[in-house]
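Presented below is the structure to which this report refers.
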Amino acid sequence: MSTVRSTGLAESINATLADLLDSDPRLLLLGEDIGRLGGVFRVTRDLQRRFGADRVRDSLLAESTIIGQAVGMAISGLVPVCEIQFDGFSYPAVNQLVTQAARIGGRWNGRVSPSLVVRIPTGGGFRGVEHHNESNEALFARYPGISVACPSTGEDADQILRHAVTLGSPVVMYEPIRLYWRRSAPARDPEPARSPSAARIVRRGTDLTVATFGAITHEVLEAAHALAPDVDVEVVDLRWVAPIDMNTVLESVARTGRLLVVHEASKDLGIGAEIAASVAEHGFDALRGPVRRLAPDRRTYPPANFEKDYLIGVQEIKDEVLVMTK
Amino acid sequence: MSTVRSTGLAESINATLADLLDSDPRLLLLGEDIGRLGGVFRVTRDLQRRFGADRVRDSLLAESTIIGQAVGMAISGLVPVCEIQFDGFSYPAVNQLVTQAARIGGRWNGRVSPSLVVRIPTGGGFRGVEHHNESNEALFARYPGISVACPSTGEDADQILRHAVTLGSPVVMYEPIRLYWRRSAPARDPEPARSPSAARIVRRGTDLTVATFGAITHEVLEAAHALAPDVDVEVVDLRWVAPIDMNTVLESVARTGRLLVVHEASKDLGIGAEIAASVAEHGFDALRGPVRRLAPDRRTYPPANFEKDYLIGVQEIKDEVLVMTK
Amino acid sequence: MVLKSESAHATDPDDDTRRSLLRHMLVVRGLDEEAHRLQKQGSIDLWASCQGQEAAQVGSALAVGPDPAVFPSYREHAVALLRGVAPDELMAQWAGRTFCGWDPHRVRFFPYTLVLAAQTLHAVGYSIGQRLQGREDFVVVYIGDGATSEGDMSEAMNLAAVESASVLFVCQNNGWAISKPAEEQMRTSLAERARGFGIASARLPGDDPEAVFSACARAAAHIRGERAPYLVEIQVGRIQGHTTSDAQEAYRTPDDLARTRAADPVTAYAARLSDRGLVDSAWLDGVDAEVREMRELLVKEYA
Amino acid sequence: MVLKSESAHATDPDDDTRRSLLRHMLVVRGLDEEAHRLQKQGSIDLWASCQGQEAAQVGSALAVGPDPAVFPSYREHAVALLRGVAPDELMAQWAGRTFCGWDPHRVRFFPYTLVLAAQTLHAVGYSIGQRLQGREDFVVVYIGDGATSEGDMSEAMNLAAVESASVLFVCQNNGWAISKPAEEQMRTSLAERARGFGIASARLPGDDPEAVFSACARAAAHIRGERAPYLVEIQVGRIQGHTTSDAQEAYRTPDDLARTRAADPVTAYAARLSDRGLVDSAWLDGVDAEVREMRELLVKEYA
Ligand SMILES: Cc1ncc(C[n+]2csc(CCOP(=O)(O)OP(=O)(O)O)c2C)c(N)n1
Ligand SMILES: Cc1ncc(C[n+]2csc(CCOP(=O)(O)OP(=O)(O)O)c2C)c(N)n1
Ligand SMILES: [Mg+2]
Ligand SMILES: [Mg+2]
């Protein structure tokens with residue numbers, strides 16, 4: 001199995017943010033502890049020193065305040081890039097994001113097009129304490145007016161961020177915590193994505209399509225590499241979960257005839273539900289067997305000692321693929 | 001097509017709440033304007049007069065306060081039945097519901113089992129202003145630890161409420177606003193549900209299964225009655241959307257070979273996605289054709305003048321069934 | 001009418017301003033009455049009346065002048081008209097045509113926000129954003145008494161205080177949040193609460209538009225001088241129900257309602273300016289004609 | 001040690017109480033140091049130190065006595081031990097074994113709440129619930145300075161004020177919310193903010209456990225006497241980083257850190273009671289032995 005060295009996600013996002021701050025004076029960063037400290041994950045390290053406290057703002061400790069004031073700033077013509085400290089602390093911001101940020105453009109009949117980005121560290125796998133391991137991408141993905149991205153590499157995060165700050169409507173970007181400092185990754189096909197908002201086929205294959213996104217893309221690729229050449233798995237890294245690039249998924253399933261969706265968030269009403277449903281609707285005739293979802297059952301993310309049993313690992317992915325292709 | 005007279009949903013829930021207040025001294029009601037006024041929909045009419053202001057409590061105007069204090073009350077041994085005034089105003093309560101109410105039992109290692117009910121008027125179809133027409137049942141359905149019910153009749157609401165106050169974990173019940181005062185409904189098969197938390201087959205049929213819930217169940221039944229005897233539609237009223245009684249759905253699809261899911265909430269990541277995905281996984285071999293979802297597209301609920309184009313009507317349901325069975 | 005900025009009349013309103021106050025009050029009263037009529041006959045879906053709150057709205061809006069952006073709640077119809085929102089533009093959302101019938105940028109009167117208190121954070125963020133861009137950062141945000149219980153309002157006050165943002169919070173305390181009396185919504189007053197966050201504040205009765213004007217002019221001077229927030233809490237009466245859907249007789253006593261109606265600020269101010277000889281029947285007839293024309297226009301557009 | 005209810009010593013602590021204050025401070029300091037050691041060697045995942053906050057925690061907990069339910073934040077280890085949570089029970093959640101290692105009912109010390117300020121509303125709701133059921137309704141809730149910016153805290157203060165709930169809010173202002181200084185988190189003090197909501201309050205330094213004890217005893221008397229809430233804001237130092245994951249040297253000056261360490265309330269109070277002859281080296285050795293035993297037990301259980 002081939003592994004390649006890569007820049008950590010944190011470093012890559014830091015460089016992109018620095019470049020964006022450099023090139024667009026309307027852009028500013030806003031979040032708890034992102035300035036002096038550079039963020040609890042150091043994703044914004046040194047940016048306050050470089051760009052000043054006006055543009056890299058240590059917000060009050062209140063998530064509704066972060067998004068609510070960002071909405072006002074966006075109306076004033078700025079482009080706020082907010083950080084919520086952990087996915088588990090995004091709930092106090094839900095009202096401002098869903099009823100305000102997502103709808104402000106429509107409420108103004110298009111007379112404002114607020115670009116507003118919310119970066120949210122997400123996911124588990126690092127023995128975090130309660131509330132520090134959530135995977136909530138499906139929460140905002142439900143809402144029209146909000147786009148949701150889940151990059152699995154620094155390169156994708158870069159492309160997504162640059163696209164997001166021009167979109168004229170809010171984008172939530174989920175950043176897998178356990179990739180922030182990881183410096184090696186399974187090899188990927190170099191094929192470019194069709195557009196900044198498209199999915200990416202990161203491994204071509206013929207026997208089965210795995211649609212996935214975020215940190216677990218790495219485990220999926222590892223499983224796919226390990227299964228080759230016996231089973232030839234195609235891996236689609238969705239990159240965006242709202243809206244979802246279903247064309248890429250459907251075309252892939254049309255080729256392979258089999259679909260497995262893998263994600264870290266719990267299964268019920270997750271992104272996998274939407275993809276499986278869409279394929280059952282629009283790709284039914286191509287299917288050679290049942291679609292499957294591999295994701296944790298409907299239960300709370302457990303204390304660290306039990307997270308291994310909760311999370312989906314390479315072995316389970318391999319097993320699932322083998323069951324589906326045998 | 002047969003229509004029967006029925007008690008309005010509001011009246012029925014009012015009677016159930018009165019009875020519960022009567023029989024369980026630990027129960028209390030809590031919500032904005034539910035006391036003096038009897039609620040903006042008059043669902044709690046006269047209850048404060050009958051049971052006093054201690055037990056039918058006009059809350060502060062703050063949804064997080066409503067749920068947050070209810071969590072504390074539940075820990076103290078009471079059974080709070082909360083009302084959120086409109087579905088569109090449930091977001092400020094998301095944090096307390098998702099990170100607290102849903103998890104408190106687990107955090108206490110089972111040493112408390114807080115029964116806590118949240119009633120939420122939901123849905124559109126009455127020319128409501130912005131934010132007053134939301135259908136958010138999928139929001140809380142995602143979260144382990146929360147059960148979500150969507151009754152379509154007073155009888156079901158009664159059974160659900162009585163079950164909910166004994167469950168030892170939070171239940172969110174969505175009450176369709178446009179059924180509150182409606183006094184006629186399409187006829188239903190009298191078949192009882194297997195349990196208080198089970199789905200109900202409200203029309204037996206052989207050609208196609210429609211899984212649905214909430215207010216739109218009425219339109220589905222109307223469409224089914226109208227299509228008979230040419231097409232014989234089976235209608236499953238889910239009643240609970242978390243957890244979903246998938247057995248009943250799968251058994252039905254095993255008989256009919258076709259599945260249509262209909263709901264009022266927008267399609268993406270809605271309850272329909274979960275059902276379609278589950279059937280594509282576990283009922284694949286029974287399917288004679290693609291599953292389909294009939295629900296509004298991913299866009300904001302529009303101003304009243306445009307809601308007809310947004311909402312799913314009887315005609316669209318009939319058309320969809322005909323396409324699927326032709 | 002040309003709006004003057006508050007610096008032009010830092011203290012008491014002059015006679016022109018007095019007439020302007022009355023004229024705006026009378027016009028919006030006419031609009032409000034027509035809206036009720038249209039709603040009753042089913043031509044519009046809903047209406048949130050501002051009857052009883054005209055002095056507070058007109059006084060505050062005239063005092064701050066035309067420059068500050070206004071973040072309203074959903075009941076500031078007098079402010080809307082004064083800022084140049086056309087009556088039919090104002091009505092459009094209550095008729096189910098749109099979420100906002102006017103161009104918010106043109107009139108610097110931003111869309112109504114129906115999720116309570118959400119606009120308070122927008123207002124502060126907007127002010128900060130304007131300041132960062134070196135532009136006019138004076139912003140006015142309106143909020144009701146009930147909505148102040150929402151966490152967002154407290155968060156916004158804290159943000160404004162910490163950032164020393166140029167925000168005028170105008171709390172129209174009409175005594176009710178639908179059916180809950182303000183005394184049961186809070187233990188103190190909003191003015192005291194604001195001071196607890198470090199925001200200067202004043203509390204005043206809202207029956208006299210001149211007193212409101214003066215208080216808000218002083219508040220505006222404070223905001224511009226100190227570059228710091230200010231909160232005025234204006235005690236007003238709510239003559240109609242919360243909205244046309246609300247039968248307030250269910251929870252208010254006849255006495256209370258009668259008292260509120262008797263304290264109508266519009267009729268009182270009209271009488272006062274007549275008594276003082278500042279307006280005569282010709283002037284009043286002129287406004288009447290204007291109102292009639294507006295009502296006819298609304299009927300044509302909506303009935 | 002038997003806890004006394006506050007009525008038994010409404011004003012100054014007696015000598016037994018003084019020794020008890022010191023003993024609890026020394027024990028929790030031992031626990032805290034052991035936790036750091038265990039974390040450094042990878043035996044537990046994380047630790048939120050209470051070093052510097054012992055006087056505030058022990059003083060407040062002893063003052064209110066054993067009856068009130070306590071809703072902690074996540075750093076009230078001294079209160080936990082004092083209430084009877086066993087050291088290994090306290091450590092369990094930081095070792096990834098559980099979300100709460102103790103029986104909250106037995107010790108009336110409820111689980112740590114990691115979502116900031118959420119517990120404030122639970123506390124008020126619990127107090128109301130207890131009162132409605134005719135049971136002890138005195139409740140204590142702990143909150144940090146940073147967390148007070150969350151809407152829930154303001155909502156909880158308003159609820160407590162309006163309901164006149166028997167809630168003691170203890171804000172431990174350690175000057176920091178991770179890296180944001182308290183002066184940039186608020187314009188005034190929490191004590192002033194509480195008064196704005198109609199809650200009586202006091203602000204005091206948290207270096208002296210006796211002063212904290214007295215202030216909280218008075219607060220408790222107020223709560224029991226008036227059946228109304230009270231807030232004490234206790235200014236403490238944060239000796240360690242926010243948690244073991246936080247390298248506070250990145251944002252605090254060496255001077256500031258040195259000053260905070262020099263003002264260590266535990267060593268200061270030990271010296272004071274020694275000077276006053278209230279404890280001797282035998283007594284101190286006894287506590288040392290107790291601490292050693294506890295640390296050995298923790299090592300056995302977790303290392
Ligand atoms: C977050 C939220 N919760 C509830 C409502 C429903 N609601 C609309 S207006 C209102 C009362 C508001 O009272 P107040 O703030 O005093 O304003 P007023 O209507 O008296 O001007 C309520 C409860 C809402 N719009 N938003
Ligand atoms: C709602 C929420 N937002 C953010 C966090 C992340 N977080 C944990 S502790 C903390 C700082 C809290 O500061 P303070 O309230 O002063 O308490 P202290 O840690 O100083 O005792 C932050 C930002 C959280 N736990 N919950
Ligand atoms: Mg009001
Ligand atoms: Mg702190």
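Labeling convention for the structure tokens: chains A, B, ... as they appear, residues from 1 per chain, ligands from 1 in order of appearance.
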Counting only C-alpha atoms and all ligand atoms, name the residues that have an atom within 6 Å of an atom of ligand 4; the answer should be given as a CSV table (one decimal) with all heavy atoms, in the first residue's frame.
chain,number,residue,atom,x,y,z
D,144,GLY,N,-17.4,30.0,35.0
D,144,GLY,CA,-16.2,30.8,34.8
D,144,GLY,C,-16.5,32.1,34.2
D,144,GLY,O,-17.6,32.4,33.8
D,145,ASP,N,-15.4,33.0,34.2
D,145,ASP,CA,-15.7,34.3,33.6
D,145,ASP,C,-16.0,34.3,32.1
D,145,ASP,O,-16.9,35.0,31.7
D,145,ASP,CB,-14.4,35.2,33.9
D,145,ASP,CG,-13.1,34.5,33.4
D,145,ASP,OD1,-12.8,33.4,34.0
D,145,ASP,OD2,-12.4,34.9,32.5
D,146,GLY,N,-15.3,33.5,31.4
D,146,GLY,CA,-15.5,33.5,30.0
D,146,GLY,C,-16.9,33.0,29.6
D,146,GLY,O,-17.6,33.6,28.8
D,173,ASN,N,-13.8,34.1,38.6
D,173,ASN,CA,-13.2,34.9,37.6
D,173,ASN,C,-11.7,34.7,37.7
D,173,ASN,O,-11.0,35.3,38.5
D,173,ASN,CB,-13.6,36.3,37.7
D,173,ASN,CG,-13.1,37.2,36.6
D,173,ASN,OD1,-12.1,36.8,35.9
D,173,ASN,ND2,-13.7,38.3,36.3
D,174,ASN,N,-11.2,33.8,36.9
D,174,ASN,CA,-9.7,33.5,37.0
D,174,ASN,C,-9.0,34.3,35.9
D,174,ASN,O,-7.8,34.1,35.6
D,174,ASN,CB,-9.4,32.0,36.8
D,174,ASN,CG,-9.8,31.5,35.5
D,174,ASN,OD1,-10.2,32.2,34.6
D,174,ASN,ND2,-9.7,30.1,35.3
D,175,GLY,N,-9.6,35.3,35.4
D,175,GLY,CA,-9.0,36.3,34.5
D,175,GLY,C,-8.8,35.8,33.1
D,175,GLY,O,-8.4,36.6,32.2
D,176,TRP,N,-9.2,34.6,32.8
D,176,TRP,CA,-8.9,34.0,31.5
D,176,TRP,C,-10.0,33.1,31.0
D,176,TRP,O,-10.5,32.3,31.8
D,176,TRP,CB,-7.6,33.3,31.4
D,176,TRP,CG,-6.4,34.1,31.6
D,176,TRP,CD1,-5.8,34.3,32.9
D,176,TRP,CD2,-5.7,34.9,30.7
D,176,TRP,NE1,-4.8,35.2,32.7
D,176,TRP,CE2,-4.7,35.6,31.4
D,176,TRP,CE3,-5.8,35.2,29.3
D,176,TRP,CZ2,-3.8,36.5,30.7
D,176,TRP,CZ3,-5.0,36.0,28.7
D,176,TRP,CH2,-3.9,36.6,29.4
D,177,ALA,N,-10.4,33.1,29.7
D,177,ALA,CA,-11.1,32.1,29.1
D,177,ALA,C,-10.2,31.5,28.1
D,177,ALA,O,-10.1,32.0,27.0
D,177,ALA,CB,-12.4,32.7,28.4
Could the residues that lie within 9 Å of ligand 1, counting only C-alpha atoms and all ligand atoms, be listed as a PyMOL selection string?
-> (chain A and resi 95) or (chain B and resi 32-33+61-63+84-86+88-92+131-132) or (chain C and resi 48-50+73-76+113-118+143-150+171-182+238+242-243)
Pick out each residue of segment 5-123 of chain D that DSSP on the backbone tags as alpha helix (DSSP H); I need them as a ChimeraX atom specification.
-> /D:15-40,54-64,77-83,87-91,104-107,118-123
What residues in chain B lie within 6 Å of chain A, counting only C-alpha atoms, written as a ChimeraX atom specification?
-> /B:91-92,95,142,144,268-269,273-274,276-277,280-281,284,290-292,298-300
The selected residues should be written to file as a PDB file, in the first residue's frame (atoms: C-alpha atoms).
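Result file is result.pdb:
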ATOM      1  CA  TYR B  91     -33.289  26.723  17.045  1.00  0.00           C
ATOM      2  CA  PRO B  92     -32.338  28.662  20.180  1.00  0.00           C
ATOM      3  CA  ASN B  95     -28.103  23.333  22.261  1.00  0.00           C
ATOM      4  CA  ARG B 142     -30.618  12.721  13.888  1.00  0.00           C
ATOM      5  CA  PRO B 144     -29.358   9.610  19.612  1.00  0.00           C
ATOM      6  CA  ASP B 268     -32.527  16.676   1.239  1.00  0.00           C
ATOM      7  CA  LEU B 269     -31.548  14.740   4.339  1.00  0.00           C
ATOM      8  CA  ALA B 273     -33.763   9.886   2.832  1.00  0.00           C
ATOM      9  CA  GLU B 274     -33.439   7.612   5.843  1.00  0.00           C
ATOM     10  CA  ALA B 276     -35.350   5.219   1.176  1.00  0.00           C
ATOM     11  CA  ALA B 277     -31.804   4.364   2.210  1.00  0.00           C
ATOM     12  CA  ALA B 280     -32.429   0.217  -0.495  1.00  0.00           C
ATOM     13  CA  GLU B 281     -30.250  -1.583   2.024  1.00  0.00           C
ATOM     14  CA  PHE B 284     -33.618  -4.231  -2.068  1.00  0.00           C
ATOM     15  CA  PRO B 290     -36.692   2.629  -7.945  1.00  0.00           C
ATOM     16  CA  VAL B 291     -37.801   4.036  -4.622  1.00  0.00           C
ATOM     17  CA  ARG B 292     -39.020   7.598  -4.896  1.00  0.00           C
ATOM     18  CA  ARG B 298     -33.954  22.183  -1.358  1.00  0.00           C
ATOM     19  CA  ARG B 299     -35.210  25.763  -1.069  1.00  0.00           C
ATOM     20  CA  THR B 300     -36.531  28.049   1.610  1.00  0.00           C
TER      21      THR B 300
END
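The part of chain D that reaches within 6 Å of chain C is made up of Gly151, Glu155, Ala161, Val162, Met186, Arg187, Thr188, Glu192, Arg193, Gly196, Phe197 and Gly198 of chain D, counting only C-alpha atoms.
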Using 9 Å as the limit and counting only C-alpha atoms, can you tabulate each residue of chain B that touches chain D, with its shortest atom-to-atom distance in Å and the two atoms involved, as a Markdown table?
| residue | atom | partner | partner_atom | distance |
| --- | --- | --- | --- | --- |
| B:Arg26 | CA | D:Gln133 | CA | 8.4 |
| B:Asp54 | CA | D:Leu132 | CA | 7.5 |
| B:Arg55 | CA | D:Leu132 | CA | 8.9 |
| B:Leu60 | CA | D:Leu159 | CA | 7.3 |
| B:Ala62 | CA | D:Glu155 | CA | 7.5 |
| B:Ser64 | CA | D:Asp152 | CA | 7.0 |
| B:Thr65 | CA | D:Glu155 | CA | 6.2 |
| B:Ile66 | CA | D:Leu121 | CA | 8.8 |
| B:Ile67 | CA | D:Leu121 | CA | 8.5 |
| B:Gly68 | CA | D:Leu121 | CA | 5.0 |
| B:Gln69 | CA | D:Gly125 | CA | 3.8 |
| B:Ala70 | CA | D:Gly125 | CA | 6.1 |
| B:Val71 | CA | D:His122 | CA | 5.7 |
| B:Gly72 | CA | D:His122 | CA | 4.0 |
| B:Met73 | CA | D:Tyr126 | CA | 4.7 |
| B:Ala74 | CA | D:Tyr126 | CA | 7.6 |
| B:Ile75 | CA | D:Tyr126 | CA | 6.7 |
| B:Ser76 | CA | D:Tyr126 | CA | 5.5 |
| B:Gly77 | CA | D:Gly129 | CA | 7.6 |
| B:Leu78 | CA | D:Gly129 | CA | 6.7 |
| B:Asn95 | CA | D:Ala118 | CA | 8.3 |
| B:Gln96 | CA | D:Ala118 | CA | 6.9 |
| B:Thr99 | CA | D:Val115 | CA | 7.5 |
| B:Gln100 | CA | D:Ala118 | CA | 7.6 |
| B:Gly106 | CA | D:Phe99 | CA | 7.9 |
| B:Arg107 | CA | D:Phe99 | CA | 5.3 |
| B:Trp108 | CA | D:Cys100 | CA | 6.5 |
| B:Asn109 | CA | D:Cys100 | CA | 7.3 |
| B:Arg111 | CA | D:Asp103 | CA | 7.6 |
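The space separating atom CA of Cys150 of chain B from atom CA of Arg239 of chain B comes to 5.0 Å.
Using only C-alpha atoms, the protein and nucleic acid residues lying no more than 12 Å from Glu33 of chain D, apart from those fewer than 5 places from it along its own chain, are Leu26, Val27, Val28, Leu38, Gln39, Lys40, Trp47, Ala48, Ser49, Cys50, Gln51, Ile239, Gln240, Thr244, Val291, Arg292, Met294, Arg295, Leu298 and Val299 of chain D.
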For Ile160 of chain B, please output as JSON, numbers by chain all residues within 12 Å (counting only C-alpha atoms; exclusion window: fewer than 3 positions along the same chain).
-> {"B": [13, 16, 17, 117, 119, 147, 148, 149, 150, 151, 152, 153, 154, 155, 156, 157, 163, 164, 165, 166, 167, 171, 172, 173, 174, 175, 193, 195, 196, 197, 198, 199, 238, 239, 240]}
Per DSSP on the backbone, filter segment 7-189 of chain B down to the residues in strand (DSSP E) and report them as JSON, numbers by chain.
-> {"B": [27, 28, 29, 30, 31, 56, 57, 58, 79, 80, 81, 82, 83, 116, 117, 118, 119, 120, 121, 122, 147, 148, 149, 170, 171, 172, 173, 174, 175, 176, 184, 185, 186]}
Please save N, CA, C and O atoms of the selected residues as a short mmCIF file (atom, residue, chain, number, x, y, z; two decimals), in the first residue's frame.
data_model
loop_
_atom_site.label_atom_id
_atom_site.label_comp_id
_atom_site.auth_asym_id
_atom_site.auth_seq_id
_atom_site.Cartn_x
_atom_site.Cartn_y
_atom_site.Cartn_z
N LEU B 27 -46.25 16.17 36.67
CA LEU B 27 -46.29 16.76 35.34
C LEU B 27 -46.58 18.26 35.39
O LEU B 27 -47.43 18.70 36.17
N LEU B 28 -45.87 19.01 34.58
CA LEU B 28 -46.21 20.42 34.43
C LEU B 28 -45.99 20.86 33.00
O LEU B 28 -45.24 20.24 32.25
N LEU B 29 -46.65 21.94 32.63
CA LEU B 29 -46.52 22.50 31.29
C LEU B 29 -45.74 23.81 31.36
O LEU B 29 -45.84 24.56 32.33
N LEU B 30 -44.98 24.08 30.30
CA LEU B 30 -44.06 25.20 30.30
C LEU B 30 -43.93 25.71 28.88
O LEU B 30 -43.60 24.95 27.97
N GLY B 31 -44.22 26.99 28.67
CA GLY B 31 -44.07 27.52 27.32
C GLY B 31 -44.52 28.97 27.24
O GLY B 31 -45.15 29.49 28.16
N VAL B 56 -49.03 25.20 35.04
CA VAL B 56 -49.17 25.60 33.63
C VAL B 56 -48.50 26.96 33.55
O VAL B 56 -49.09 27.99 33.84
N ARG B 57 -47.23 26.94 33.17
CA ARG B 57 -46.33 28.05 33.41
C ARG B 57 -46.07 28.86 32.15
O ARG B 57 -45.56 28.34 31.17
N ASP B 58 -46.42 30.13 32.21
CA ASP B 58 -46.04 31.05 31.14
C ASP B 58 -44.55 31.32 31.24
O ASP B 58 -44.11 32.08 32.12
N VAL B 79 -41.94 16.13 35.51
CA VAL B 79 -42.05 15.74 34.10
C VAL B 79 -42.55 16.96 33.32
O VAL B 79 -43.75 17.18 33.19
N PRO B 80 -41.61 17.77 32.80
CA PRO B 80 -42.02 18.97 32.08
C PRO B 80 -42.47 18.65 30.65
O PRO B 80 -41.79 17.92 29.93
N VAL B 81 -43.62 19.20 30.30
CA VAL B 81 -44.08 19.12 28.92
C VAL B 81 -44.00 20.55 28.38
O VAL B 81 -44.80 21.41 28.75
N CYS B 82 -43.02 20.78 27.53
CA CYS B 82 -42.74 22.13 27.05
C CYS B 82 -43.44 22.38 25.72
O CYS B 82 -43.70 21.46 24.96
N GLU B 83 -43.71 23.64 25.47
CA GLU B 83 -44.17 24.03 24.14
C GLU B 83 -43.20 25.06 23.57
O GLU B 83 -42.85 26.03 24.24
N LEU B 116 -39.16 14.17 29.48
CA LEU B 116 -39.25 15.58 29.12
C LEU B 116 -39.81 15.62 27.71
O LEU B 116 -39.26 15.01 26.80
N VAL B 117 -40.91 16.30 27.56
CA VAL B 117 -41.56 16.33 26.25
C VAL B 117 -41.52 17.75 25.72
O VAL B 117 -41.67 18.71 26.47
N VAL B 118 -41.27 17.88 24.43
CA VAL B 118 -41.31 19.17 23.78
C VAL B 118 -42.32 19.12 22.65
O VAL B 118 -42.15 18.36 21.70
N ARG B 119 -43.37 19.89 22.80
CA ARG B 119 -44.40 19.96 21.75
C ARG B 119 -44.07 21.12 20.83
O ARG B 119 -43.80 22.24 21.28
N ILE B 120 -44.09 20.85 19.52
CA ILE B 120 -43.74 21.91 18.57
C ILE B 120 -44.76 21.97 17.43
O ILE B 120 -44.86 21.03 16.64
N PRO B 121 -45.52 23.05 17.35
CA PRO B 121 -46.41 23.24 16.21
C PRO B 121 -45.58 23.36 14.93
O PRO B 121 -44.57 24.07 14.92
N THR B 122 -45.99 22.69 13.89
CA THR B 122 -45.12 22.55 12.73
C THR B 122 -45.88 22.69 11.42
O THR B 122 -47.11 22.58 11.39
N SER B 147 -36.22 11.07 20.98
CA SER B 147 -37.23 10.43 20.14
C SER B 147 -38.11 11.52 19.53
O SER B 147 -38.35 12.55 20.16
N VAL B 148 -38.55 11.28 18.32
CA VAL B 148 -39.33 12.30 17.62
C VAL B 148 -40.61 11.70 17.06
O VAL B 148 -40.57 10.70 16.33
N ALA B 149 -41.73 12.32 17.41
CA ALA B 149 -43.02 11.82 16.96
C ALA B 149 -43.71 12.86 16.09
O ALA B 149 -43.54 14.06 16.28
N PRO B 170 -35.90 12.42 26.45
CA PRO B 170 -36.71 13.46 25.80
C PRO B 170 -37.43 13.00 24.53
O PRO B 170 -36.89 12.22 23.75
N VAL B 171 -38.63 13.53 24.38
CA VAL B 171 -39.43 13.28 23.18
C VAL B 171 -39.83 14.63 22.60
O VAL B 171 -40.32 15.50 23.32
N VAL B 172 -39.62 14.78 21.32
CA VAL B 172 -40.12 15.97 20.62
C VAL B 172 -41.33 15.54 19.80
O VAL B 172 -41.25 14.59 19.02
N MET B 173 -42.44 16.21 20.02
CA MET B 173 -43.64 15.88 19.25
C MET B 173 -44.01 17.06 18.36
O MET B 173 -44.24 18.16 18.86
N TYR B 174 -44.07 16.80 17.07
CA TYR B 174 -44.43 17.84 16.11
C TYR B 174 -45.93 17.77 15.81
O TYR B 174 -46.44 16.73 15.44
N GLU B 175 -46.59 18.91 15.99
CA GLU B 175 -48.04 18.96 15.83
C GLU B 175 -48.37 19.83 14.61
O GLU B 175 -48.10 21.03 14.61
N PRO B 176 -48.95 19.24 13.59
CA PRO B 176 -49.22 20.03 12.37
C PRO B 176 -50.25 21.12 12.65
O PRO B 176 -51.39 20.85 13.03
N SER B 184 -62.39 17.31 9.67
CA SER B 184 -62.72 16.15 8.84
C SER B 184 -61.44 15.57 8.31
O SER B 184 -60.43 16.27 8.15
N ALA B 185 -61.44 14.29 8.08
CA ALA B 185 -60.22 13.62 7.65
C ALA B 185 -60.61 12.44 6.77
O ALA B 185 -61.69 11.87 6.93
N PRO B 186 -59.71 12.08 5.83
CA PRO B 186 -59.99 10.90 5.02
C PRO B 186 -60.10 9.66 5.91
O PRO B 186 -59.41 9.56 6.93
#
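When only C-alpha atoms and all ligand atoms are used to compute distances to ligand 2, the closest of the residues A:Leu47, A:Val129, A:Ala53, A:Ala187 turns out to be A:Val129.
If you measure from each of C:Val79, C:Leu204, C:Ala95, C:Ile234 to ligand 3 using only C-alpha atoms and all ligand atoms, the closest one turns out to be C:Ile234.
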